[in-house]
Amino acid sequence: MPDIILKGEAIKLGDNISTDLIIPGRYAHLRSNLPQLAKHALEDADPTFVSRVRPGDFLVAGKNFGLGSSREHAPVVIKMAGISAILAKSAARIFFRNAINQGMPVLLCDTDKISDGDQLEINLSHGAVTNLTSGAKLSCSKTPPLMSAILGEGGLIPYIQKHKDFVITKH
Amino acid sequence: MGKTLAEKILTARAKTDARAGDIVVANVDLAFVQDTTGPLTVRQFKESGFRKVAEPQNAVIFLDHAAPSPARQLSNDHMLLRRFAHETSCHIYEVGDGVCHQLVAERFARPGDIIVGSDSHTVTAGALGAFATGMGSSDVAVALALGKTWFRVPETFFINLKGVFSTGVYAKDLILYLIGQLGADGATYKALEFGGEALAHIAVPERLTIANMAVEAGAKVGLFPSDEATQEFLAAQNRSDSYRPLYPDADAHYERLISLNMAELEPMASFPHTVDNAFPVSLARGIKIQQVFIGTCTNGRLEDLAVATSILQGKKRSPDTRLLVAPASRQVLTQAMDNGYIKTLIEAGAVILPPGCAACLGLHQGVLGDGEICLSTANRNFRGRMGNPEAMIYLASPATAAASAIRGEITDPREIM
């Protein structure tokens, strides 16, 4: 299978972007209307986000991205806004799992080496990031095989539709 | 080598030798959703082609976050969830019954259980020795359908508790202090396991406050052993049958050992806008507050209302400070009425909100105005949390909240007690 390569521009955010900043509780009434909800993605963290994001862009954050609530609407609205992958120094546990379940890659790497507006190339198959603007090459921490398999199917629901169960491979 | 509480529970339920770092599939004893994450769970469940909940007796829907509903869209979400409960025969708790985590503690959680809920504070049930963790809507949809889910077995930090609280210091102060020490990502993916000689003096309601906030340090679970205190709590809920003792092995391997002398703690507050921004409440002394909120899955229990009532007895809230009180469940409200707490709180100027999440997450019942400051007994103070990104939230204990409501400014409760 050929490597999966993504190219796009970085939209940079800081540390500790909570799910309340990604999609606040005050919009809970829009959670059954996802296109409307997505218009408020990251509104409290970066009011310009929705207007400047272009399909294929990468969201690049600092440490502990997605801390807080279990709301899966957080990765959902980021994906609907057009983001194709999230890069962060670290990610909160539930957010990380939710993002993978939504088919959204989350790569953990040293994002200090990425600035807002940098052009990036991501090799999803090898977990490698190249900053085309600066030339820096970043390696990412490994994702457990089960999560890679879920991501490979495009998320948890397509994974379960296909496999009917969780398939654990022992090493 | 011996096992931690997390390894023991996952070993038993996954029927395999579960060690930190392993990926296991385990049966779940309880899977639940609440009204702001449940509708997506229902849609994912149906999109997957599932029609039946594997074990409806172990599946629960709670209508607590928007309760009663403040908007037609949320009312329609409630209708969707009621219909799903009816179609699948799972339990449903209605508007006014209480916060999901309190009801799970009162009615469902058993030592050794595996519990998954589409709410990050599902960790609360760790107070009863249950491996309880929050997940998203898709994960819970699959758990409902298959009756199982997958876990990475977490490494464990052991928190060795010593001493007793001094006057004016409570479980909330302990957990705020600990999160301040660990940092908001200090325990990401880990289990926090509490133990030590002080456990004998920490009752289950206090353990619920502590376990509830484990996720605020990034932890996957906050676990207490099941001991005499657990037995006492379950007996009081007419659930003695659910009790069984559960302890970690003496030779369990812990990634980190943290000792905490409770006698050295003082009243704490988390300053805006992160929970780990925790300092002694004395450093916030005198900050004017426009709203005090006592309640939530963190501090809306009978013991919390008892502390607040004892401080507010015969006193009045400041005319410049609103005082909102939301009991965590119908049972808590009933007992608080029987004990006279509700009358005292109302006479002190409190607004009593229906059992549920109330003002905690900013969608109704106490949304803050621009520039307003709230002192809350909840578990999160992220910017925008209480419905307004221009507002600020301090987190503290019910004692600090009650004392601060009287003065209209952040107050160390020891000045009033």
# chains A, B, ... in the order shown; residues from 1 in each chain; ligands from 1

call {"tool": "residues_around", "arguments": {"residues": "Ile23 in chain A", "least_positions_apart": "5", "cutoff": "8 Å", "atoms": "only C-alpha atoms", "output": "list in words"}}
result
Leu37, His40, Ala41, Leu42, Glu43, His73, Ala74 and Val77 of chain A

call {"tool": "write_last_selection", "arguments": {"atoms": "C-alpha atoms", "output": "PDB file, in the first residue's frame"}}
result
ATOM      1  CA  LEU A  37     -22.357  23.883  15.399  1.00  0.00           C
ATOM      2  CA  HIS A  40     -18.511  28.101  16.145  1.00  0.00           C
ATOM      3  CA  ALA A  41     -15.431  25.842  16.094  1.00  0.00           C
ATOM      4  CA  LEU A  42     -12.620  27.283  18.235  1.00  0.00           C
ATOM      5  CA  GLU A  43     -14.468  30.593  18.451  1.00  0.00           C
ATOM      6  CA  HIS A  73     -18.362  17.213  19.005  1.00  0.00           C
ATOM      7  CA  ALA A  74     -14.909  18.770  19.573  1.00  0.00           C
ATOM      8  CA  VAL A  77     -16.373  20.431  14.419  1.00  0.00           C
TER       9      VAL A  77
END

call {"tool": "residues_around", "arguments": {"residues": "Arg97 in chain A", "least_positions_apart": "3", "cutoff": "12 Å", "atoms": "only C-alpha atoms", "output": "VMD selection string"}}
result
(chain A and resid 66 to 67 70 to 72 74 to 75 91 to 94 100 to 106 143 to 144 146 to 148 150 to 151 155 to 156) or (chain B and resid 134 to 140 150 to 152 189 220)

call {"tool": "residues_around", "arguments": {"residues": "range 74-87 of chain B", "least_positions_apart": "6", "cutoff": "8 Å", "atoms": "only C-alpha atoms", "output": "PyMOL selection string"}}
result
(chain A and resi 28-29+32) or (chain B and resi 35+38-39+42+61+63+66)

call {"tool": "interface_residues", "arguments": {"of": "chain B", "to": "chain A", "cutoff": "7 Å", "atoms": "only C-alpha atoms", "output": "ChimeraX atom specification"}}
result
/B:36-37,44,48,71,73-74,118-120,134-138,185,188-189,218,361-363,382,384-385,387,389

call {"tool": "select_by_dssp", "arguments": {"residues": "range 27-164 of chain A", "states": "strand (DSSP E)", "output": "compact mmCIF listing (two decimals) with N, CA and C atoms, in the first residue's frame"}}
result
# COMPACT_ATOMS: atom_id res chain seq x y z
N PHE A 58 -3.82 22.05 8.66
CA PHE A 58 -3.53 21.30 9.89
C PHE A 58 -3.69 22.21 11.09
N LEU A 59 -4.25 21.66 12.15
CA LEU A 59 -4.33 22.38 13.40
C LEU A 59 -3.12 22.00 14.23
N VAL A 60 -2.32 22.99 14.63
CA VAL A 60 -1.07 22.72 15.34
C VAL A 60 -1.16 23.39 16.72
N ALA A 85 -5.65 17.08 9.84
CA ALA A 85 -4.90 16.39 10.90
C ALA A 85 -4.60 17.38 12.01
N ILE A 86 -4.46 16.85 13.23
CA ILE A 86 -4.10 17.68 14.38
C ILE A 86 -2.70 17.29 14.81
N LEU A 87 -1.85 18.29 15.04
CA LEU A 87 -0.51 18.05 15.58
C LEU A 87 -0.43 18.76 16.93
N ALA A 88 0.09 18.09 17.93
CA ALA A 88 0.21 18.70 19.25
C ALA A 88 1.38 18.08 19.99
N VAL A 106 -4.26 12.34 14.84
CA VAL A 106 -3.64 13.22 15.83
C VAL A 106 -2.19 12.78 15.96
N LEU A 107 -1.27 13.68 15.59
CA LEU A 107 0.15 13.35 15.64
C LEU A 107 0.80 14.11 16.78
N LEU A 108 1.52 13.38 17.65
CA LEU A 108 2.16 14.02 18.79
C LEU A 108 3.64 14.22 18.48
N GLN A 119 4.07 25.61 5.72
CA GLN A 119 3.58 24.53 4.88
C GLN A 119 4.15 23.22 5.42
N LEU A 120 3.28 22.23 5.62
CA LEU A 120 3.72 20.95 6.19
C LEU A 120 3.39 19.81 5.25
N GLU A 121 4.23 18.77 5.33
CA GLU A 121 3.90 17.52 4.66
C GLU A 121 3.91 16.43 5.72
N ILE A 122 2.84 15.68 5.79
CA ILE A 122 2.72 14.62 6.80
C ILE A 122 2.64 13.28 6.11
N ASN A 123 3.54 12.38 6.53
CA ASN A 123 3.45 10.99 6.07
C ASN A 123 2.73 10.22 7.17
N ALA A 128 5.55 10.75 10.20
CA ALA A 128 6.65 11.71 10.03
C ALA A 128 6.10 13.03 9.48
N VAL A 129 6.63 14.13 10.02
CA VAL A 129 6.18 15.46 9.60
C VAL A 129 7.37 16.22 9.05
N THR A 130 7.22 16.81 7.88
CA THR A 130 8.26 17.68 7.35
C THR A 130 7.70 19.10 7.27
N ASN A 131 8.45 20.03 7.88
CA ASN A 131 8.07 21.43 7.77
C ASN A 131 8.71 21.96 6.48
N LYS A 137 12.50 18.32 10.16
CA LYS A 137 11.80 17.03 10.12
C LYS A 137 11.47 16.63 11.55
N LEU A 138 10.21 16.25 11.77
CA LEU A 138 9.75 15.91 13.12
C LEU A 138 9.28 14.47 13.14
N SER A 139 9.67 13.74 14.20
CA SER A 139 9.13 12.39 14.34
C SER A 139 8.02 12.42 15.38

call {"tool": "closest_residue", "arguments": {"among": "A:Pro55, A:Pro35, A:Gly135, A:Pro2", "to": "Asp118 in chain A", "atoms": "only C-alpha atoms"}}
result
A:Gly135

call {"tool": "residues_around", "arguments": {"residues": "Arg13 in chain B", "least_positions_apart": "5", "cutoff": "9 Å", "atoms": "only C-alpha atoms", "output": "mmCIF file with C-alpha atoms, in the first residue's frame"}}
result
data_model
loop_
_atom_site.group_PDB
_atom_site.id
_atom_site.type_symbol
_atom_site.label_atom_id
_atom_site.label_comp_id
_atom_site.auth_asym_id
_atom_site.auth_seq_id
_atom_site.Cartn_x
_atom_site.Cartn_y
_atom_site.Cartn_z
ATOM 1 C CA LYS B 8 -6.735 -6.125 39.132
ATOM 2 C CA VAL B 25 -11.055 -5.854 25.588
ATOM 3 C CA ALA B 26 -13.295 -6.028 28.636
ATOM 4 C CA ASN B 27 -16.988 -6.437 29.318
ATOM 5 C CA VAL B 28 -18.584 -3.340 30.774
ATOM 6 C CA GLY B 112 -14.690 -4.019 40.713
ATOM 7 C CA ASP B 113 -17.106 -2.836 38.025
ATOM 8 C CA ILE B 114 -16.088 -1.414 34.683
#

call {"tool": "select_by_dssp", "arguments": {"residues": "range 286-363 of chain B", "states": "helix (DSSP H, G or I)", "output": "MDAnalysis selection string"}}
result
chainID B and resid 296:299 302:312 330:338 341:347

call {"tool": "atom_distance", "arguments": {"atom1": "CA of Glu155 in chain B", "atom2": "CA of Ser259 in chain B"}}
result
17.5 Å

call {"tool": "atom_distance", "arguments": {"atom1": "CA of Gly300 in chain B", "atom2": "CA of Ile342 in chain B"}}
result
12.7 Å

call {"tool": "decode", "arguments": {"residues": "range 19-155 of chain B", "atoms": "C-alpha atoms", "output": "compact mmCIF listing (two decimals), in the first residue's frame"}}
result
# COMPACT_ATOMS: atom_id res chain seq x y z
CA ARG B 19 -0.53 -5.27 32.93
CA ALA B 20 0.17 -1.57 32.44
CA GLY B 21 0.65 -0.86 28.74
CA ASP B 22 -1.43 -3.83 27.50
CA ILE B 23 -4.44 -3.34 25.25
CA VAL B 24 -7.39 -5.41 26.47
CA VAL B 25 -11.05 -5.85 25.59
CA ALA B 26 -13.30 -6.03 28.64
CA ASN B 27 -16.99 -6.44 29.32
CA VAL B 28 -18.58 -3.34 30.77
CA ASP B 29 -20.88 -3.48 33.79
CA LEU B 30 -22.50 -0.14 33.08
CA ALA B 31 -22.59 2.12 30.02
CA PHE B 32 -24.34 5.46 30.14
CA VAL B 33 -24.87 8.72 28.29
CA GLN B 34 -26.18 12.11 29.27
CA ASP B 35 -28.32 14.53 27.32
CA THR B 36 -25.59 16.59 25.62
CA THR B 37 -23.56 13.57 24.40
CA GLY B 38 -26.37 11.01 24.14
CA PRO B 39 -27.97 12.23 20.91
CA LEU B 40 -24.68 11.70 19.01
CA THR B 41 -24.38 8.28 20.67
CA VAL B 42 -27.86 7.37 19.40
CA ARG B 43 -27.02 8.54 15.87
CA GLN B 44 -23.71 6.63 15.84
CA PHE B 45 -25.46 3.54 17.24
CA LYS B 46 -28.04 3.64 14.44
CA GLU B 47 -25.52 4.49 11.74
CA SER B 48 -23.54 1.40 12.74
CA GLY B 49 -26.63 -0.65 12.01
CA PHE B 50 -27.17 -1.68 15.64
CA ARG B 51 -30.74 -2.18 16.82
CA LYS B 52 -30.31 -3.73 20.25
CA VAL B 53 -28.49 -2.71 23.40
CA ALA B 54 -26.52 -5.79 24.52
CA GLU B 55 -27.57 -5.52 28.17
CA PRO B 56 -30.34 -2.94 28.64
CA GLN B 57 -30.33 -3.49 32.41
CA ASN B 58 -26.74 -2.15 32.41
CA ALA B 59 -27.45 0.84 30.16
CA VAL B 60 -28.67 4.21 31.36
CA ILE B 61 -29.67 7.56 29.88
CA PHE B 62 -29.54 10.61 32.15
CA LEU B 63 -31.28 13.89 31.37
CA ASP B 64 -29.25 16.17 33.61
CA HIS B 65 -27.15 18.70 31.69
CA ALA B 66 -30.03 20.72 30.22
CA ALA B 67 -32.63 20.06 32.87
CA PRO B 68 -35.23 21.40 32.50
CA SER B 69 -34.43 22.19 28.88
CA PRO B 70 -33.86 25.88 28.09
CA ALA B 71 -34.18 25.51 24.28
CA ARG B 72 -36.39 23.70 21.80
CA GLN B 73 -33.42 21.93 20.18
CA LEU B 74 -32.44 20.46 23.55
CA SER B 75 -36.05 19.52 24.22
CA ASN B 76 -36.01 17.64 20.92
CA ASP B 77 -32.76 15.93 21.96
CA HIS B 78 -34.52 14.83 25.15
CA MET B 79 -37.36 13.41 23.04
CA LEU B 80 -34.83 11.47 20.93
CA LEU B 81 -33.25 10.00 24.08
CA ARG B 82 -36.59 9.07 25.65
CA ARG B 83 -37.56 7.31 22.41
CA PHE B 84 -34.23 5.43 22.36
CA ALA B 85 -34.70 4.34 25.98
CA HIS B 86 -38.18 3.11 25.14
CA GLU B 87 -37.02 1.24 21.99
CA THR B 88 -34.06 -0.45 23.68
CA SER B 89 -35.54 -0.93 27.19
CA CYS B 90 -32.59 0.75 28.88
CA HIS B 91 -33.00 2.84 32.06
CA ILE B 92 -33.76 6.53 31.83
CA TYR B 93 -33.48 9.15 34.58
CA GLU B 94 -35.59 12.20 34.00
CA VAL B 95 -35.14 15.93 34.38
CA GLY B 96 -34.86 16.63 38.11
CA ASP B 97 -33.58 13.19 39.13
CA GLY B 98 -30.03 14.47 39.45
CA VAL B 99 -26.52 14.50 37.97
CA CYS B 100 -25.55 11.25 36.24
CA HIS B 101 -22.44 10.65 38.37
CA GLN B 102 -24.30 11.07 41.65
CA LEU B 103 -27.04 8.67 40.48
CA VAL B 104 -24.41 6.16 39.32
CA ALA B 105 -22.86 6.30 42.81
CA GLU B 106 -26.22 6.01 44.58
CA ARG B 107 -27.75 3.27 42.42
CA PHE B 108 -25.34 1.45 40.13
CA ALA B 109 -21.58 1.48 40.78
CA ARG B 110 -20.10 -1.57 42.52
CA PRO B 111 -16.52 -2.26 43.56
CA GLY B 112 -14.69 -4.02 40.71
CA ASP B 113 -17.11 -2.84 38.03
CA ILE B 114 -16.09 -1.41 34.68
CA ILE B 115 -18.15 1.67 33.90
CA VAL B 116 -18.02 3.79 30.75
CA GLY B 117 -19.96 6.99 30.29
CA SER B 118 -19.99 9.66 27.63
CA ASP B 119 -19.01 12.26 30.18
CA SER B 120 -15.49 12.99 31.37
CA HIS B 121 -16.48 12.96 35.05
CA THR B 122 -17.46 9.30 34.84
CA VAL B 123 -14.27 8.84 36.88
CA THR B 124 -16.37 9.79 39.94
CA ALA B 125 -17.40 6.15 40.52
CA GLY B 126 -13.76 5.29 41.17
CA ALA B 127 -14.60 6.36 44.72
CA LEU B 128 -16.40 3.03 45.08
CA GLY B 129 -13.59 0.97 43.57
CA ALA B 130 -15.06 0.89 40.06
CA PHE B 131 -12.83 1.30 36.99
CA ALA B 132 -14.94 4.15 35.63
CA THR B 133 -13.85 6.34 32.76
CA GLY B 134 -15.22 8.87 30.33
CA MET B 135 -15.40 8.23 26.61
CA GLY B 136 -16.95 9.88 23.60
CA SER B 137 -20.30 9.20 22.00
CA SER B 138 -19.01 6.67 19.43
CA ASP B 139 -17.16 4.58 22.02
CA VAL B 140 -20.23 4.44 24.26
CA ALA B 141 -22.46 3.61 21.27
CA VAL B 142 -20.28 0.58 20.56
CA ALA B 143 -20.11 -0.34 24.28
CA LEU B 144 -23.92 -0.25 24.42
CA ALA B 145 -24.20 -2.48 21.36
CA LEU B 146 -21.44 -5.00 22.12
CA GLY B 147 -21.44 -4.85 25.93
CA LYS B 148 -17.68 -4.36 25.86
CA THR B 149 -14.94 -1.95 24.89
CA TRP B 150 -11.16 -1.76 24.64
CA PHE B 151 -8.75 -0.24 27.12
CA ARG B 152 -5.08 0.47 27.35
CA VAL B 153 -4.18 -0.68 30.87
CA PRO B 154 -2.91 2.48 32.59
CA GLU B 155 0.22 2.93 34.63
